[in-house]
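> This is the structure, below, for whatever I ask next.
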Protein chains: 2
Amino acid sequence: MKALIYDGPEKLGYRDAADPVPEAGQQLIKVLSVGICGSDMHAYLGHDDRRPAPLILGHEAAGEIVGGPRAGERVTINPLVGCGTCKACQTGHDNLCPERKIISMPPREGAFAQYVAMRDENLVTVPQGTSLNAAALAEPIACGWHAVKLAKRALDGAAANALVIGGGAIGLGAALSLTAQGVPNVTIVEPNALRREVLNGQCGQNAVAPDDLPNDALFDLVIDGVGYAATRATASAHARPGGVIGHIGLGEGTGGLDVRRMTLQEITFIGTYTYTAQDFRDTAAAIFDGRLGPLDWTEQRPLAEGATAFADIRAGLTAAPKIILNPHA
Amino acid sequence: MKALIYDGPEKLGYRDAADPVPEAGQQLIKVLSVGICGSDMHAYLGHDDRRPAPLILGHEAAGEIVGGPRAGERVTINPLVGCGTCKACQTGHDNLCPERKIISMPPREGAFAQYVAMRDENLVTVPQGTSLNAAALAEPIACGWHAVKLAKRALDGAAANALVIGGGAIGLGAALSLTAQGVPNVTIVEPNALRREVLNGQCGQNAVAPDDLPNDALFDLVIDGVGYAATRATASAHARPGGVIGHIGLGEGTGGLDVRRMTLQEITFIGTYTYTAQDFRDTAAAIFDGRLGPLDWTEQRPLAEGATAFADIRAGLTAAPKIILNPHA
């Protein structure tokens, strides 16, 4: 098969790779849509020790089962593989399984390839009315879905409004999840004017520039989809007394939170990481029944042109919140 | 009446002050037990702009009603006075009332005095079997009670163990509250050997030195009763994946939290401040029925010797977790 192989910092090669061989309990999937994630970009830049070259990146994938009794079935892939037996897995916190693996990190190759193997329980069947590009968004949106679920549960009472910091795919997914989970009045704060235009136009969001967010604006929920000290400072300034911050990003490891204000005003901060298998299924169901909107804001390119796509994202030349690659285009 | 008056940094004068005059809906209370809090010490050192000299400090008080139909009734005093009408007050979050006042902060004089006036709804009747010294602990213990309540609610599942950082009155109150609220296996980490001895002896706690806390020890709940960057670093290192940190202290305003670990391991941080009126009543009830133990670890001194008590605490010469002053000794 053809694959896009990470060969070292800012080097990607599109070439032949060995076909994956499904084990018992696995399916072989013909990948037809696979999104480029910020973590792929992080690895591409050589910043992720857990993803050493050479490696096939990519973990936001949808496609069709090849061979066997389910041949031709359209599926979206949960790329997280827990052990299934530890306490975290047994209590529905499988995202915290200490043995958790993800495709695109050794020993598992990723989905920037024509085929990938995955165990049955990680596959969610996609109904005919849903495009595979939309189905491939289940993974990135599930991160926001999970953060919103945890933040809503932590809030004492119903949320009447929310602020999302950062309008990338994670932030947009969180905003869509807030709406789908019944939170009205969602505002996204995003510094990039080009991105704001897409958010306010095609994505139907209310996106504002940082300077247009009033200093005294307070929100029941704040989702930080970026995770730098500066965004956490914004989060802890704009959560209302008794409010909740859901924190998805891994930008910087420390700093930014106004702990004194959080203590005096009883603000809760929840670190959130990926999503549970149930969250993935719930997000996919919300995609399928339209609760997350038309999801028509992706841009598709052939996998063969993946290296250019990475370079364009790196150079800030892309407007779409998500670039999706098609290995069979 | 006699009162202990804060006259400026490290200056306290014991002298005559005007008797308080209760307004309608208030009672005059003869103060018989009033504890010295860390915030009193903070003001005494000149570090609290909200408490300018001259001022009567003290807000952890119990005594007897003087005059009127309730004359002679023993009460413990909730020193927090909310507006009663705002959304926070109306929804049981009266500790977050923007108009909240506390005695010992202008315009309200404190309880290091022979008498204090307080409205009826802030008084909790003390049964005969409970000493007023124990009853005066309702206020400091309620801070830990509240933090434990919030942290338990935030945890997904029952807590099997907990770590308390800091073995002062706040930390000890949190440890007692953890036990009273059904959390087994409570450990206090406290660097002061003298204080550890009292905690492990008279207070019946499991207190360890920081060096004796294994690096890999993990806890469902962590209560930070200190609130410095260093204690928050300890808190974020020792909360288990999915665990909850309840943060009471106001030592330093920023820093210390390992946000990267909190995000990867889904650790929740809750800033907690004082207590609600219901928490105060619940804590008092737990004192009265013995759920918080014998509470015999206080040291009582006459209010007339209050200046020496403050100096002794400042010099680290006191072993008891709480010094209580008696204005009528």
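Labels for the structure tokens follow display order: chains A, B, ..., residues from 1 in each chain, ligands from 1.
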As a VMD selection string, please: every residue in range 92-252 of chain A that DSSP puts in strand (DSSP E).

chain A and resid 101 to 102 115 to 119 123 to 125 162 to 165 186 to 189 207 to 208 219 to 224 239 to 247

> Compile a residue-level contact table for chain A against chain B at a cut-off of 7 Å, reporting for every qualifying residue the shortest atom pair and its distance in Å to one decimal, with only C-alpha atoms counted, rows ordered by chain and ascending number, as CSV.


```
residue,atom,partner,partner_atom,distance
A:Leu96,CA,B:Gln265,CA,6.5
A:Ala154,CA,B:Ala154,CA,6.2
A:Pro241,CA,B:Leu96,CA,6.9
A:His247,CA,B:Thr263,CA,6.8
A:Ile248,CA,B:Thr263,CA,6.8
A:Leu250,CA,B:Arg260,CA,6.3
A:Gly253,CA,B:Arg260,CA,4.4
A:Thr254,CA,B:Val259,CA,5.2
A:Gly255,CA,B:Gly255,CA,5.7
A:Leu257,CA,B:Thr254,CA,6.4
A:Asp258,CA,B:Thr254,CA,5.6
A:Val259,CA,B:Thr254,CA,5.2
A:Arg260,CA,B:Gly253,CA,4.4
A:Met262,CA,B:Gly271,CA,5.2
A:Thr263,CA,B:Gly271,CA,3.7
A:Leu264,CA,B:Tyr273,CA,5.4
A:Gln265,CA,B:Leu96,CA,6.5
A:Glu266,CA,B:Gly271,CA,4.5
A:Ile267,CA,B:Gly271,CA,5.5
A:Thr268,CA,B:Ile270,CA,4.3
A:Phe269,CA,B:Phe269,CA,5.0
A:Ile270,CA,B:Thr268,CA,4.3
A:Gly271,CA,B:Thr263,CA,3.8
A:Thr272,CA,B:Glu266,CA,4.9
A:Tyr273,CA,B:Leu264,CA,5.4
```

> Write out as a list in words each polymer residue whose atoms come within 8 Å of Gly166 in chain B, counting only C-alpha atoms; drop sequence neighbours fewer than 3 positions from it.

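The residues that qualify are Ile170, Gly171, Leu172, Ile188, Val189, Glu190, Pro191, Asp224, Gly225 and Val226 of chain B.
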
> What's the 7 Å shell around Ile65 in chain A, counting only C-alpha atoms, without same-chain residues fewer than 4 positions away, as a PyMOL selection string?

chain A and resi 27-30+70-74

> Pick the closest to Pro302 in chain A from A:Ala230, A:Leu325, A:Leu178, A:Ala284: which is it, counting only C-alpha atoms?

A:Leu325

> Pick the closest to Ala53 in chain B from B:Gly204, B:Gly25, B:Pro140, B:Gly13: which is it, counting only C-alpha atoms?

B:Gly13

> Kindly give the distance, in Å, that separates CA of Gly110 in chain B and CA of Gly144 in chain B, rounded to a single decimal.

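Distance reported for this atom pair: 21.8 Å.
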
> Neighbours of range 287-289 of chain A within 9 Å (only C-alpha atoms; same-chain residues fewer than 2 positions away dropped), as a PyMOL selection string?

chain A and resi 126-127+129-130+134-135+137-138+282-285+291-295

> Selected residues, N, CA, C and O atoms, written as an mmCIF file, in the first residue's frame, please.


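Result saved to result.cif:
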```
data_model
loop_
_atom_site.group_PDB
_atom_site.id
_atom_site.type_symbol
_atom_site.label_atom_id
_atom_site.label_comp_id
_atom_site.auth_asym_id
_atom_site.auth_seq_id
_atom_site.Cartn_x
_atom_site.Cartn_y
_atom_site.Cartn_z
ATOM 1 N N VAL A 126 -20.923 3.684 10.224
ATOM 2 C CA VAL A 126 -21.390 4.992 9.752
ATOM 3 C C VAL A 126 -22.619 4.784 8.865
ATOM 4 O O VAL A 126 -22.547 4.027 7.889
ATOM 5 N N PRO A 127 -23.734 5.449 9.192
ATOM 6 C CA PRO A 127 -24.933 5.276 8.358
ATOM 7 C C PRO A 127 -24.762 5.944 6.987
ATOM 8 O O PRO A 127 -23.901 6.819 6.820
ATOM 9 N N GLY A 129 -26.320 8.187 5.344
ATOM 10 C CA GLY A 129 -26.507 9.630 5.200
ATOM 11 C C GLY A 129 -25.324 10.476 5.630
ATOM 12 O O GLY A 129 -25.334 11.690 5.458
ATOM 13 N N THR A 130 -24.312 9.868 6.218
ATOM 14 C CA THR A 130 -23.173 10.630 6.754
ATOM 15 C C THR A 130 -21.940 10.406 5.890
ATOM 16 O O THR A 130 -21.598 9.256 5.576
ATOM 17 N N ALA A 134 -17.135 13.634 7.424
ATOM 18 C CA ALA A 134 -17.792 14.017 8.685
ATOM 19 C C ALA A 134 -17.531 12.956 9.751
ATOM 20 O O ALA A 134 -17.239 13.280 10.909
ATOM 21 N N ALA A 135 -17.590 11.679 9.345
ATOM 22 C CA ALA A 135 -17.383 10.591 10.312
ATOM 23 C C ALA A 135 -15.973 10.617 10.895
ATOM 24 O O ALA A 135 -15.765 10.272 12.062
ATOM 25 N N LEU A 137 -14.413 13.095 11.737
ATOM 26 C CA LEU A 137 -14.344 14.145 12.765
ATOM 27 C C LEU A 137 -14.755 13.634 14.145
ATOM 28 O O LEU A 137 -14.645 14.363 15.140
ATOM 29 N N ALA A 138 -15.240 12.401 14.218
ATOM 30 C CA ALA A 138 -15.647 11.872 15.533
ATOM 31 C C ALA A 138 -14.492 11.945 16.519
ATOM 32 O O ALA A 138 -14.682 12.300 17.689
ATOM 33 N N ASP A 282 -20.811 8.334 21.550
ATOM 34 C CA ASP A 282 -21.812 9.406 21.691
ATOM 35 C C ASP A 282 -21.560 10.528 20.676
ATOM 36 O O ASP A 282 -22.511 11.098 20.128
ATOM 37 N N THR A 283 -20.287 10.851 20.468
ATOM 38 C CA THR A 283 -19.955 11.900 19.495
ATOM 39 C C THR A 283 -20.332 11.442 18.091
ATOM 40 O O THR A 283 -20.911 12.212 17.307
ATOM 41 N N ALA A 284 -20.003 10.194 17.763
ATOM 42 C CA ALA A 284 -20.361 9.667 16.442
ATOM 43 C C ALA A 284 -21.879 9.716 16.247
ATOM 44 O O ALA A 284 -22.372 10.137 15.193
ATOM 45 N N ALA A 285 -22.629 9.336 17.285
ATOM 46 C CA ALA A 285 -24.095 9.366 17.181
ATOM 47 C C ALA A 285 -24.585 10.793 16.944
ATOM 48 O O ALA A 285 -25.523 11.021 16.170
ATOM 49 N N ARG A 291 -26.768 16.598 15.212
ATOM 50 C CA ARG A 291 -26.694 17.524 16.347
ATOM 51 C C ARG A 291 -25.425 18.382 16.334
ATOM 52 O O ARG A 291 -25.352 19.396 17.033
ATOM 53 N N LEU A 292 -24.425 17.957 15.602
ATOM 54 C CA LEU A 292 -23.184 18.739 15.522
ATOM 55 C C LEU A 292 -23.115 19.578 14.253
ATOM 56 O O LEU A 292 -22.059 20.101 13.891
ATOM 57 N N GLY A 293 -24.257 19.725 13.571
ATOM 58 C CA GLY A 293 -24.309 20.587 12.385
ATOM 59 C C GLY A 293 -23.856 19.859 11.132
ATOM 60 O O GLY A 293 -23.591 18.652 11.156
ATOM 61 N N PRO A 294 -23.760 20.598 10.036
ATOM 62 C CA PRO A 294 -23.451 19.950 8.752
ATOM 63 C C PRO A 294 -22.008 19.464 8.634
ATOM 64 O O PRO A 294 -21.718 18.623 7.774
ATOM 65 N N LEU A 295 -21.108 19.965 9.457
ATOM 66 C CA LEU A 295 -19.701 19.511 9.445
ATOM 67 C C LEU A 295 -19.109 19.572 8.036
ATOM 68 O O LEU A 295 -18.370 18.675 7.613
#
```

> Determine, counting only C-alpha atoms, which protein, DNA and RNA residues have an atom within 9 Å of an atom of range 5-9 of chain A; residues of the same chain fewer than 6 positions away are not included. Present the result as a list in words.

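Everything that qualifies: Arg15, Ala17, Ala43, Tyr44, Leu45, Gly46, His47, Pro52, Ala53, Pro54, Leu55, Ile56, Leu57, Phe112 and Ala113 of chain A.
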
> I'd like the neighbourhood of His59 in chain A as a short mmCIF file (atom, residue, chain, number, x, y, z; two decimals) with C-alpha atoms, in the first residue's frame, where a residue qualifies if any of its atoms comes within 7 Å (using only C-alpha atoms), though same-chain residues fewer than 4 positions away should be ignored.


```
data_model
loop_
_atom_site.label_atom_id
_atom_site.label_comp_id
_atom_site.auth_asym_id
_atom_site.auth_seq_id
_atom_site.Cartn_x
_atom_site.Cartn_y
_atom_site.Cartn_z
CA PRO A 79 -7.83 5.04 17.64
CA ILE A 103 -2.43 4.26 16.45
CA SER A 104 0.35 6.49 15.06
CA GLY A 110 -1.10 5.29 11.97
CA ALA A 111 -3.75 5.93 9.35
#
```

> Mind checking DSSP for range 172-313 of chain A and telling me the alpha helix (DSSP H) residues as a PyMOL selection string?

chain A and resi 172-180+193-200+229-238+259-264+277-288+306-313

> In Å, with one decimal, what is the gap from CA of Val31 in chain B to CA of Val81 in chain B?

18.1 Å
